[in-house]
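What's in input-v6.cif: mmCIF, C-alpha atoms
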```
data_work
loop_
_atom_site.label_atom_id
_atom_site.label_comp_id
_atom_site.auth_asym_id
_atom_site.auth_seq_id
_atom_site.Cartn_x
_atom_site.Cartn_y
_atom_site.Cartn_z
CA MET C 1 165.43 90.73 129.07
CA LEU C 2 164.82 87.72 131.29
CA ARG C 3 165.80 87.91 134.93
CA ARG C 4 169.24 86.47 135.62
CA LEU C 5 169.52 87.19 139.34
CA PHE C 6 168.56 83.89 140.84
CA THR C 7 170.59 81.02 142.23
CA PRO C 8 170.03 77.26 142.48
CA LEU C 9 168.46 77.94 145.86
CA PHE C 10 165.38 79.15 144.04
CA LEU C 11 165.08 76.09 141.84
CA GLY C 12 163.27 74.20 144.54
CA VAL C 13 160.49 76.75 144.30
CA PHE C 14 159.71 75.74 140.73
CA ALA C 15 158.12 72.46 141.68
CA SER C 16 155.57 74.28 143.80
CA SER C 17 154.95 77.19 141.46
CA ALA C 18 151.41 75.99 140.81
CA ALA C 19 150.63 76.87 144.42
CA LEU C 20 151.51 80.47 143.63
CA ALA C 21 148.86 80.74 140.93
CA GLU C 22 146.68 83.78 141.44
CA LYS C 23 143.06 83.31 142.46
CA VAL C 24 140.98 84.28 139.44
CA THR C 25 137.21 84.59 139.17
CA THR C 26 135.27 85.34 135.98
CA PHE C 27 131.73 86.39 135.19
CA THR C 28 129.78 87.88 132.29
CA LEU C 29 127.01 90.44 132.59
CA GLU C 30 123.76 90.15 130.64
CA ASN C 31 124.85 92.96 128.32
CA GLY C 32 127.93 90.99 127.30
CA LEU C 33 130.60 92.61 129.48
CA GLU C 34 133.19 90.01 130.45
CA ALA C 35 135.01 90.38 133.74
CA VAL C 36 138.08 88.88 135.39
CA VAL C 37 138.82 89.38 139.08
CA ILE C 38 142.36 88.67 140.30
CA GLU C 39 142.64 88.54 144.08
CA ASP C 40 145.77 89.75 145.83
CA HIS C 41 145.23 90.77 149.43
CA ARG C 42 148.81 91.64 150.35
CA ALA C 43 148.21 95.39 150.07
CA PRO C 44 145.02 97.51 150.21
CA VAL C 45 145.32 98.46 146.54
CA ALA C 46 143.05 97.80 143.56
CA MET C 47 143.49 98.22 139.85
CA GLN C 48 140.64 98.57 137.40
CA MET C 49 141.42 98.01 133.73
CA LEU C 50 138.82 98.25 130.99
CA TRP C 51 139.97 96.67 127.74
CA TYR C 52 138.12 97.17 124.47
CA ARG C 53 138.48 94.58 121.72
CA VAL C 54 139.34 97.22 119.18
CA GLY C 55 142.65 98.68 118.12
CA ALA C 56 144.46 100.24 115.22
CA ALA C 57 144.03 97.12 113.07
CA ASP C 58 140.24 97.50 113.30
CA GLU C 59 140.06 101.03 111.90
CA PRO C 60 138.07 101.88 108.77
CA ALA C 61 140.18 102.26 105.64
CA GLY C 62 141.56 105.76 105.32
CA LYS C 63 141.04 106.56 109.01
CA SER C 64 144.38 105.43 110.40
CA GLY C 65 145.04 106.73 113.90
CA ILE C 66 141.36 106.93 114.89
CA ALA C 67 141.71 104.33 117.69
CA HIS C 68 144.57 106.28 119.26
CA PHE C 69 142.78 109.59 118.64
CA LEU C 70 139.70 108.33 120.48
CA GLU C 71 141.86 107.16 123.38
CA HIS C 72 142.89 110.81 123.84
CA LEU C 73 139.33 112.07 123.44
CA MET C 74 138.01 109.74 126.14
CA PHE C 75 139.38 112.20 128.71
CA LYS C 76 137.27 115.08 127.35
CA GLY C 77 134.38 114.58 129.74
CA THR C 78 130.75 113.56 130.11
CA GLU C 79 127.68 115.20 131.58
CA THR C 80 128.98 114.46 135.07
CA VAL C 81 132.77 114.73 134.58
CA ALA C 82 134.23 117.90 133.11
CA PRO C 83 136.93 117.79 130.42
CA GLY C 84 140.23 116.83 132.03
CA GLU C 85 138.59 116.13 135.39
CA PHE C 86 138.81 112.34 135.22
CA SER C 87 142.54 112.16 135.95
CA VAL C 88 142.26 114.99 138.49
CA VAL C 89 139.74 112.96 140.48
CA VAL C 90 141.92 109.84 140.33
CA GLU C 91 144.94 111.79 141.53
CA ALA C 92 142.90 113.32 144.35
CA GLN C 93 142.22 109.78 145.59
CA GLY C 94 145.97 109.15 145.74
CA GLY C 95 145.89 107.05 142.59
CA ASP C 96 147.10 107.18 139.02
CA ASP C 97 145.52 106.41 135.66
CA ASN C 98 146.39 106.18 132.00
CA ALA C 99 145.43 104.55 128.72
CA PHE C 100 147.13 102.91 125.76
CA THR C 101 146.33 101.80 122.23
CA HIS C 102 147.63 98.73 120.44
CA GLN C 103 146.88 97.06 117.12
CA ASP C 104 144.44 94.69 118.84
CA TYR C 105 143.05 96.60 121.81
CA THR C 106 142.58 99.90 123.61
CA ALA C 107 142.78 99.91 127.41
CA TYR C 108 142.14 102.32 130.28
CA PHE C 109 143.26 101.80 133.87
CA GLN C 110 143.22 103.31 137.34
CA ARG C 111 145.31 102.20 140.31
CA VAL C 112 143.84 103.35 143.64
CA ALA C 113 143.27 102.37 147.24
CA ALA C 114 140.88 99.43 147.31
CA ASP C 115 138.11 101.42 148.97
CA ARG C 116 138.08 103.84 146.00
CA LEU C 117 137.24 101.12 143.45
CA GLU C 118 133.54 101.97 143.34
CA LEU C 119 134.26 105.57 142.34
CA MET C 120 136.60 104.40 139.59
CA MET C 121 134.04 101.96 138.24
CA LYS C 122 131.33 104.62 138.27
CA MET C 123 133.52 107.04 136.30
CA GLU C 124 134.74 104.46 133.80
CA ALA C 125 131.24 103.18 133.13
CA ASP C 126 130.05 106.76 132.69
CA ARG C 127 132.39 107.41 129.79
CA MET C 128 131.74 104.07 128.08
CA ARG C 129 128.64 105.59 126.49
CA GLY C 130 128.48 109.12 127.87
CA LEU C 131 131.41 110.85 126.16
CA ILE C 132 130.70 114.41 125.01
CA LEU C 133 132.83 115.82 122.22
CA SER C 134 132.85 119.43 121.13
CA GLU C 135 134.42 120.59 117.90
CA ASP C 136 136.92 122.63 119.90
CA ASN C 137 138.02 119.60 121.91
CA VAL C 138 138.39 117.52 118.76
CA GLU C 139 140.40 120.20 116.99
CA THR C 140 142.70 120.68 119.99
CA GLU C 141 143.32 116.98 120.50
CA ARG C 142 143.88 116.36 116.80
CA ALA C 143 146.69 118.90 116.93
CA VAL C 144 148.07 117.02 119.96
CA ILE C 145 148.23 113.66 118.18
CA VAL C 146 149.76 115.20 115.05
CA GLU C 147 152.44 116.78 117.24
CA GLU C 148 152.89 113.46 119.05
CA ARG C 149 153.52 111.81 115.73
CA ALA C 150 156.01 114.55 114.81
CA GLN C 151 157.94 114.01 118.04
CA ARG C 152 157.82 110.22 118.32
CA SER C 153 157.90 109.15 114.69
CA ASP C 154 158.80 111.84 112.19
CA SER C 155 161.77 113.06 114.23
CA ASP C 156 163.10 109.55 114.87
CA PRO C 157 164.63 107.72 111.88
CA SER C 158 164.38 104.37 113.67
CA SER C 159 160.64 104.83 114.15
CA LEU C 160 160.17 105.87 110.54
CA PHE C 161 162.19 102.87 109.42
CA SER C 162 160.06 100.58 111.59
CA GLU C 163 156.93 101.95 109.91
CA GLN C 164 158.38 101.28 106.47
CA ARG C 165 159.44 97.78 107.44
CA SER C 166 156.01 96.92 108.85
CA ALA C 167 154.34 98.22 105.71
CA ALA C 168 156.58 95.89 103.72
CA GLN C 169 155.99 92.95 106.05
CA TYR C 170 152.21 93.00 105.74
CA LEU C 171 151.08 93.03 102.14
CA ASN C 172 147.37 93.22 102.94
CA HIS C 173 146.81 93.07 106.70
CA PRO C 174 146.32 96.34 108.67
CA TYR C 175 149.20 95.50 111.00
CA GLY C 176 151.24 97.28 108.35
CA ILE C 177 149.63 100.60 109.31
CA PRO C 178 151.15 102.50 112.28
CA ILE C 179 149.06 102.75 115.44
CA ILE C 180 149.50 106.51 115.57
CA GLY C 181 148.31 106.72 111.97
CA TRP C 182 149.77 108.05 108.76
CA LYS C 183 150.25 111.78 109.13
CA HIS C 184 148.01 112.83 106.23
CA GLU C 185 145.14 110.68 107.53
CA ALA C 186 145.55 111.66 111.18
CA GLU C 187 145.41 115.33 110.19
CA ALA C 188 142.03 114.74 108.51
CA LEU C 189 140.24 112.90 111.34
CA THR C 190 136.94 114.51 112.33
CA ARG C 191 134.52 114.61 115.22
CA GLU C 192 132.14 112.35 113.30
CA ASP C 193 134.93 109.86 112.64
CA ALA C 194 135.60 109.65 116.36
CA LEU C 195 131.94 109.40 117.35
CA SER C 196 131.20 106.71 114.78
CA PHE C 197 134.11 104.61 116.00
CA TYR C 198 133.15 105.24 119.63
CA ARG C 199 129.46 104.37 119.23
CA THR C 200 130.27 101.13 117.46
CA PHE C 201 133.11 99.69 119.51
CA TYR C 202 132.91 101.24 122.98
CA ALA C 203 130.23 98.95 124.31
CA PRO C 204 129.91 96.38 127.09
CA ASN C 205 129.70 93.50 124.61
CA ASN C 206 133.08 94.56 123.21
CA ALA C 207 134.83 95.07 126.55
CA ILE C 208 136.67 93.11 129.21
CA LEU C 209 136.78 94.42 132.76
CA ILE C 210 139.78 93.34 134.82
CA VAL C 211 139.90 94.15 138.51
CA ALA C 212 142.98 93.09 140.44
CA GLY C 213 144.14 93.54 144.00
CA ASP C 214 142.60 93.59 147.46
CA VAL C 215 139.08 92.89 146.26
CA ASN C 216 136.25 90.43 146.79
CA PRO C 217 134.84 88.84 143.60
CA ASP C 218 131.23 89.01 144.78
CA ALA C 219 131.61 92.67 145.67
CA VAL C 220 133.24 93.41 142.31
CA LYS C 221 130.40 91.66 140.49
CA ALA C 222 127.83 93.67 142.44
CA LEU C 223 129.58 96.93 141.53
CA ALA C 224 129.86 95.88 137.89
CA GLU C 225 126.16 95.06 137.75
CA THR C 226 125.35 98.44 139.29
CA TYR C 227 127.50 100.60 137.03
CA TYR C 228 128.17 98.61 133.85
CA GLY C 229 125.05 96.45 133.89
CA PRO C 230 122.57 99.11 132.70
CA ILE C 231 124.68 100.06 129.64
CA ALA C 232 123.18 98.95 126.34
CA PRO C 233 125.32 96.77 124.07
CA THR C 234 126.03 97.55 120.43
CA PRO C 235 123.58 95.41 118.44
CA GLY C 236 124.97 93.18 115.72
CA LEU C 237 128.61 93.56 116.79
CA GLY C 238 130.18 90.38 115.47
CA PRO C 239 133.67 88.91 115.27
CA ARG C 240 136.50 91.01 113.94
CA LEU C 241 136.72 90.97 110.17
CA ARG C 242 140.19 91.87 108.95
CA PRO C 243 141.90 91.44 105.58
CA SER C 244 144.11 88.37 105.57
CA GLU C 245 147.59 88.01 104.17
CA PRO C 246 147.99 86.36 100.78
CA PRO C 247 150.71 83.73 100.39
CA GLN C 248 154.05 85.53 100.53
CA LEU C 249 156.33 84.26 97.80
CA ALA C 250 159.32 86.59 97.84
CA GLU C 251 161.61 88.22 100.37
CA ARG C 252 161.36 91.99 100.58
CA ARG C 253 164.40 94.20 101.21
CA LEU C 254 164.64 97.88 101.99
CA THR C 255 167.22 100.47 102.94
CA MET C 256 166.72 103.82 104.54
CA THR C 257 169.30 106.55 104.94
CA ASP C 258 169.03 109.48 107.28
CA PRO C 259 171.74 111.84 108.54
CA ARG C 260 170.21 111.64 112.02
CA VAL C 261 170.98 107.92 112.37
CA ALA C 262 173.28 107.47 115.36
CA GLN C 263 174.00 103.81 114.79
CA PRO C 264 173.31 101.78 111.63
CA TYR C 265 171.81 98.32 111.99
CA VAL C 266 170.34 95.41 110.10
CA VAL C 267 166.96 93.96 111.02
CA ARG C 268 165.03 91.04 109.65
CA THR C 269 161.50 89.93 110.50
CA TYR C 270 159.58 86.85 109.42
CA LEU C 271 155.86 86.22 109.56
CA ALA C 272 155.19 83.94 112.53
CA PRO C 273 152.15 82.31 114.14
CA GLU C 274 150.54 83.86 117.18
CA ARG C 275 149.37 82.15 120.38
CA ASN C 276 146.04 80.48 119.65
CA ALA C 277 143.34 79.49 122.11
CA GLY C 278 143.84 75.89 123.15
CA ASP C 279 146.96 75.51 121.01
CA GLN C 280 149.95 77.53 122.21
CA LYS C 281 152.69 74.97 121.51
CA ASP C 282 154.12 76.60 118.38
CA ALA C 283 154.21 80.01 120.05
CA ALA C 284 155.95 78.56 123.11
CA ALA C 285 158.62 76.99 120.90
CA LEU C 286 159.19 80.36 119.22
CA VAL C 287 159.60 82.07 122.61
CA ILE C 288 162.39 79.68 123.48
CA LEU C 289 163.89 79.97 119.98
CA ALA C 290 164.11 83.75 120.40
CA GLU C 291 165.80 83.31 123.78
CA LEU C 292 168.28 80.81 122.37
CA LEU C 293 169.19 82.99 119.38
CA GLY C 294 169.25 86.41 120.98
CA GLY C 295 167.79 86.54 124.48
CA SER C 296 171.08 87.17 126.25
CA SER C 297 173.75 89.74 125.43
CA THR C 298 176.43 87.29 126.56
CA THR C 299 175.26 83.68 126.19
CA SER C 300 172.86 83.60 123.22
CA VAL C 301 173.82 82.05 119.90
CA LEU C 302 174.09 85.38 118.08
CA ALA C 303 175.96 87.11 120.91
CA ARG C 304 178.57 84.39 121.32
CA ALA C 305 179.19 84.14 117.59
CA LEU C 306 179.19 87.84 116.66
CA GLN C 307 180.02 89.94 119.73
CA PHE C 308 183.02 88.14 121.17
CA GLY C 309 186.25 86.56 120.00
CA ASP C 310 189.24 87.97 118.13
CA ALA C 311 187.23 89.60 115.35
CA PRO C 312 183.76 90.62 116.63
CA LYS C 313 181.33 91.85 114.02
CA ALA C 314 178.56 93.26 116.23
CA VAL C 315 178.30 95.43 119.31
CA TYR C 316 174.74 94.29 119.92
CA THR C 317 172.45 91.47 118.78
CA THR C 318 169.00 90.35 119.81
CA ALA C 319 166.14 88.18 118.65
CA PHE C 320 162.49 88.84 119.45
CA TYR C 321 159.03 87.30 119.32
CA ASP C 322 155.75 88.12 121.06
CA GLY C 323 152.91 85.72 120.39
CA LEU C 324 150.23 87.88 122.02
CA SER C 325 148.62 88.99 118.80
CA TYR C 326 145.13 88.48 117.37
CA ASP C 327 146.54 87.59 113.95
CA HIS C 328 149.93 86.50 112.62
CA THR C 329 152.86 88.30 114.17
CA GLU C 330 156.62 88.55 113.62
CA PHE C 331 159.79 86.77 114.65
CA GLY C 332 162.96 88.75 114.08
CA PHE C 333 166.43 89.87 114.99
CA TYR C 334 168.53 93.05 115.14
CA ALA C 335 172.28 93.35 114.74
CA VAL C 336 174.40 96.48 115.20
CA PRO C 337 177.87 96.36 113.60
CA VAL C 338 181.18 97.31 115.12
CA PRO C 339 182.59 100.45 113.45
CA ASP C 340 184.66 98.74 110.76
CA VAL C 341 182.07 96.16 109.67
CA SER C 342 179.61 96.95 106.88
CA LEU C 343 175.94 96.02 107.08
CA ALA C 344 176.45 93.65 104.16
CA ASP C 345 179.17 91.78 106.03
CA LEU C 346 177.15 91.76 109.24
CA GLU C 347 174.07 90.39 107.51
CA GLU C 348 176.15 87.67 105.89
CA ALA C 349 177.59 86.79 109.29
CA VAL C 350 174.14 86.60 110.87
CA ASP C 351 172.94 84.35 108.06
CA GLY C 352 175.92 82.10 108.67
CA VAL C 353 175.16 81.86 112.38
CA ILE C 354 171.52 80.99 111.76
CA ALA C 355 172.46 78.38 109.14
CA GLN C 356 174.87 76.80 111.60
CA PHE C 357 172.22 76.76 114.31
CA LEU C 358 169.78 75.01 111.97
CA LYS C 359 172.48 72.44 111.27
CA ASP C 360 173.73 71.89 114.83
CA GLY C 361 170.42 72.09 116.69
CA VAL C 362 169.71 73.16 120.27
CA ASP C 363 172.40 73.23 122.92
CA GLN C 364 170.82 71.26 125.77
CA GLU C 365 172.54 73.21 128.55
CA ALA C 366 171.34 76.55 127.17
CA PHE C 367 167.87 75.09 126.61
CA ASP C 368 167.58 73.93 130.22
CA ARG C 369 168.88 77.26 131.52
CA ILE C 370 166.30 79.21 129.52
CA LYS C 371 163.47 77.04 130.82
CA ARG C 372 164.59 77.72 134.39
CA GLN C 373 164.73 81.43 133.65
CA LEU C 374 161.24 81.39 132.15
CA ARG C 375 159.92 79.60 135.21
CA ALA C 376 161.60 82.12 137.50
CA ASP C 377 160.23 85.00 135.45
CA ASP C 378 156.72 83.60 135.84
CA ILE C 379 157.12 83.35 139.61
CA TYR C 380 158.47 86.89 139.93
CA ALA C 381 155.67 88.21 137.69
CA ARG C 382 153.07 87.12 140.21
CA ASP C 383 154.40 89.75 142.60
CA ASN C 384 153.47 92.48 140.10
CA LEU C 385 149.79 93.32 140.18
CA ASP C 386 150.04 95.57 137.15
CA ARG C 387 151.72 92.89 135.06
CA LEU C 388 149.19 90.23 136.03
CA ALA C 389 146.29 92.45 135.00
CA ARG C 390 148.00 93.36 131.74
CA ASP C 391 148.83 89.73 130.98
CA TYR C 392 145.18 88.75 131.25
CA GLY C 393 143.93 91.80 129.36
CA THR C 394 146.39 91.43 126.50
CA ALA C 395 145.67 87.72 126.18
CA LEU C 396 141.89 87.98 126.28
CA THR C 397 141.77 90.79 123.71
CA SER C 398 144.08 88.69 121.51
CA GLY C 399 141.61 85.81 121.36
CA LEU C 400 142.93 83.69 124.24
CA THR C 401 141.08 82.53 127.35
CA VAL C 402 141.75 82.61 131.07
CA THR C 403 142.58 78.91 130.83
CA ASP C 404 145.18 79.67 128.15
CA VAL C 405 146.83 82.31 130.34
CA GLN C 406 147.03 79.95 133.29
CA ALA C 407 148.30 77.06 131.14
CA TRP C 408 151.01 79.14 129.44
CA PRO C 409 153.85 78.61 131.99
CA GLN C 410 153.45 74.84 131.73
CA VAL C 411 153.17 74.99 127.93
CA LEU C 412 156.57 76.69 127.94
CA GLN C 413 158.02 73.98 130.19
CA ASP C 414 156.67 71.24 127.91
CA VAL C 415 158.55 72.50 124.84
CA THR C 416 161.17 70.08 123.54
CA PRO C 417 164.37 70.79 121.57
CA ASP C 418 162.79 69.05 118.58
CA ALA C 419 159.81 71.42 118.75
CA VAL C 420 162.16 74.42 118.80
CA MET C 421 163.99 73.19 115.72
CA GLU C 422 160.75 72.47 113.89
CA ALA C 423 159.53 75.99 114.68
CA ALA C 424 162.85 77.42 113.47
CA ARG C 425 162.65 75.57 110.17
CA ASN C 426 159.04 76.66 109.65
CA VAL C 427 159.46 80.33 110.54
CA LEU C 428 162.96 81.21 109.31
CA ASN C 429 161.73 81.25 105.74
CA ARG C 430 163.19 84.01 103.58
CA LYS C 431 160.05 84.06 101.40
CA THR C 432 158.12 85.61 104.30
CA ALA C 433 160.96 87.85 105.47
CA VAL C 434 161.66 91.55 105.31
CA THR C 435 165.32 92.51 105.63
CA GLY C 436 166.17 96.14 106.26
CA TRP C 437 169.22 98.31 106.60
CA LEU C 438 169.09 101.64 108.43
CA MET C 439 172.17 103.76 107.85
CA ARG C 440 173.65 107.20 107.64
CA GLU C 441 174.04 108.64 104.16
CA GLU C 442 177.81 108.22 104.24
CA ASP C 443 177.39 104.49 104.90
CA THR C 444 175.64 103.76 101.60
CA THR C 445 178.87 102.78 99.90
CA GLU C 446 179.44 99.96 102.37
CA GLY C 447 177.85 97.10 100.51
CA ALA C 448 174.99 97.18 98.04
CA LYS C 449 173.00 94.04 98.76
CA PRO C 450 169.56 95.64 99.14
#
```
Output the file's structure in the form of structure tokens.
Amino acid sequence: MLRRLFTPLFLGVFASSAALAEKVTTFTLENGLEAVVIEDHRAPVAMQMLWYRVGAADEPAGKSGIAHFLEHLMFKGTETVAPGEFSVVVEAQGGDDNAFTHQDYTAYFQRVAADRLELMMKMEADRMRGLILSEDNVETERAVIVEERAQRSDSDPSSLFSEQRSAAQYLNHPYGIPIIGWKHEAEALTREDALSFYRTFYAPNNAILIVAGDVNPDAVKALAETYYGPIAPTPGLGPRLRPSEPPQLAERRLTMTDPRVAQPYVVRTYLAPERNAGDQKDAAALVILAELLGGSSTTSVLARALQFGDAPKAVYTTAFYDGLSYDHTEFGFYAVPVPDVSLADLEEAVDGVIAQFLKDGVDQEAFDRIKRQLRADDIYARDNLDRLARDYGTALTSGLTVTDVQAWPQVLQDVTPDAVMEAARNVLNRKTAVTGWLMREEDTTEGAKP
């Protein structure tokens, strides 16, 4: 949700927003490690993030969940750090740490006092190549991820439905496979699976180091050369090779019923282009399209048409798009009906709203308001060290450059209403869409479209 709490008083700031741009320095070590240093001296805090250009979409066939599994195993220790000790040491310094896995990347971070950065870098570099895995540790952690899947996916009908929808959206690309893995494959992951994946992809020439906060770029480079510099790269590690999508010629539809469903809804996603290095215009237009259609619960096109008036059809609507993806991504919408409206009627109403939007075009007042909100959001984001580091890490592991990240706010401001409508006509194509209904079993009589 975009920030709404600003007044015209702040609008004068927009003209000088370029002056707020963070000071960014980059360098690359001889072993291929790329580094980005983001200076922010307002507080004596530093964040180290190590991003690997490998995620769930890069897993070997039949080994779904291995990227996430390895993320867990990375805390199992080295010759110098005992199993579980990594986070204990970080906490003892007054800091915090964590890790996360995505389709396109796996990342590890520590947030500490600036004078503890060297210790963090030493420990992170140590486990880049020095991980030790025992069979007992692997067996224990495999049980943990299977239980995690049981709690987060198998016990949640919405999560299960999302998995089914993604599998239908991507006919050939691994984005259709859940990050946590299919249960039967996650249960079969072995120590050798983890080590093979680790030895191949956890290497300096497949990593991006991001250090943000009260730091000096020259000092950061010296530390990186000391601790990451001696690590050998993986030889022959080339560009990512992923299966591509064939032309999609027909809409796919699915329904799922589950007695645990608290609220039925309709969702539709379309294949959509991602942000590309040096060419982010289409993605920027889609960001604004999503805001126009469903970015606000009160003023968006879908909200005004379906949630208000004498005969509302929805209690909630939204549209979404995130262009930070290595390959094609999705543009979509959700709609939750009021109690007496069937999913069939709600879907028909949504289709009518979208058709009317394509006919009428962009409302200039709403368009201008969204641009101001996006500019404000960019300015506020620069106060958040964590978000800045994540923005750069996500972008760089998705194939973008530092220049692309810094250009993005202006690319958004340069979008025209015509560009938004062109993007809408290109993306809102039912041949590349997946439409899904999630409902309780007793709701199955309410319309039979799927």
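Using the PyMOL selection byres ((chain C and resi 147-160) around 8) on the file at hand returns these residues: Ala143, Val144, Ile145, Val146, Phe161, Ser162, Glu163, Gln164, Ile180, Lys183, Asp258, Arg260, Val261 and Leu438 of chain C.
Here CA of Gly62 (chain C) is placed at a distance of 14.0 Å from CA of Asn172 (chain C).
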Check: What is the CA of Leu50 (chain C)-CA of Glu124 (chain C) distance in Å, reported with one decimal?
Finding: 7.9 Å
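Here the PyMOL selection byres ((chain C and resi 236) around 12) captures the residues Thr200, Phe201, Ala203, Asn205, Asn206, Pro233, Thr234, Pro235, Leu237, Gly238, Pro239 and Arg240 of chain C.
For the choices C:Ala35, C:Ala290, C:Ala366, C:Leu254, the atom-to-atom distance to Glu225 (chain C) is smallest for C:Ala35 when using all atoms listed in the file.
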Note to self: Show me, as an NGL selection string, the residues that have an atom within 9 Å of region 318-329 of chain C when counting only C-alpha atoms, minus same-chain residues fewer than 3 positions from it.
What the structure shows: :C and (103-104 or 175 or 244-245 or 270-276 or 280 or 283-284 or 286-287 or 289-297 or 300 or 302-303 or 332-335 or 394-395 or 397-400)
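In this structure, CA of Val267 (chain C) sits 5.8 Å away from CA of Thr435 (chain C).
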Margin query: Under the PyMOL selection byres ((chain C and resi 54) around 7), which residues of this model are included? Write them out as a PyMOL selection string.
Written below: chain C and resi 52-53+55+58+104-106+201
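Comparing C:Tyr170, C:Val112, C:Asp360, C:Pro230 by their smallest distance to Pro247 (chain C), the closest is C:Tyr170 (using all atoms listed in the file).
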Checklist line | Nearest to Met47 (chain C), chosen from C:Ala167, C:Ile177, C:Ala349, C:Ala113, with all atoms listed in the file counted in the distances | finding: C:Ala113
Item checked: Sel. within 10 Å of pt (144.7, 114.9, 111.1), counting all atoms listed in the file, output as a PyMOL selection string -> chain C and resi 63-66+69+139+141-146+181-190
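For the choices C:Leu241, C:Phe86, C:Ile208, C:Pro60, the atom-to-atom distance to Lys122 (chain C) is smallest for C:Phe86 when using all atoms listed in the file.
With only C-alpha atoms as the atoms that count, the residue of C:Thr416, C:Thr80, C:Thr269, C:Gln410 with the shortest distance to Leu131 (chain C) is C:Thr80.
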Next item on the list: Can you pull out every residue within 10 Å of Leu133 (chain C), counting all atoms listed in the file, but drop anything in the same chain fewer than 6 positions away, and send it as a count of residues only?
Entry: 11
Margin query: So that I can check the surroundings of Gly436 (chain C), please list as a ChimeraX atom specification every protein, DNA and RNA residue that reaches within 8 Å of it, counting all atoms listed in the file and ignoring chain neighbours fewer than 6 positions away.
Written below: /C:165,253-256,266-268,450
Next item on the list: With a distance cut-off of 9 Å and only C-alpha atoms, select the neighbouring residues of Val350 (chain C), excluding the residue or stretch itself and same-chain residues fewer than 4 positions from it, and output the selection as a ChimeraX atom specification.
Entry: /C:302,305-306,335,345-346,354-355
Next item on the list: Within 9 Å of Leu385 (chain C), counting only C-alpha atoms, which residues show up once you throw out same-chain ones fewer than 2 positions away? Write them as a list of chain:residue names, please.
Entry: C:Ile38, C:Asp40, C:Ala46, C:Met47, C:Ala212, C:Gly213, C:Ala381, C:Arg382, C:Asp383, C:Arg387, C:Leu388, C:Ala389, C:Arg390
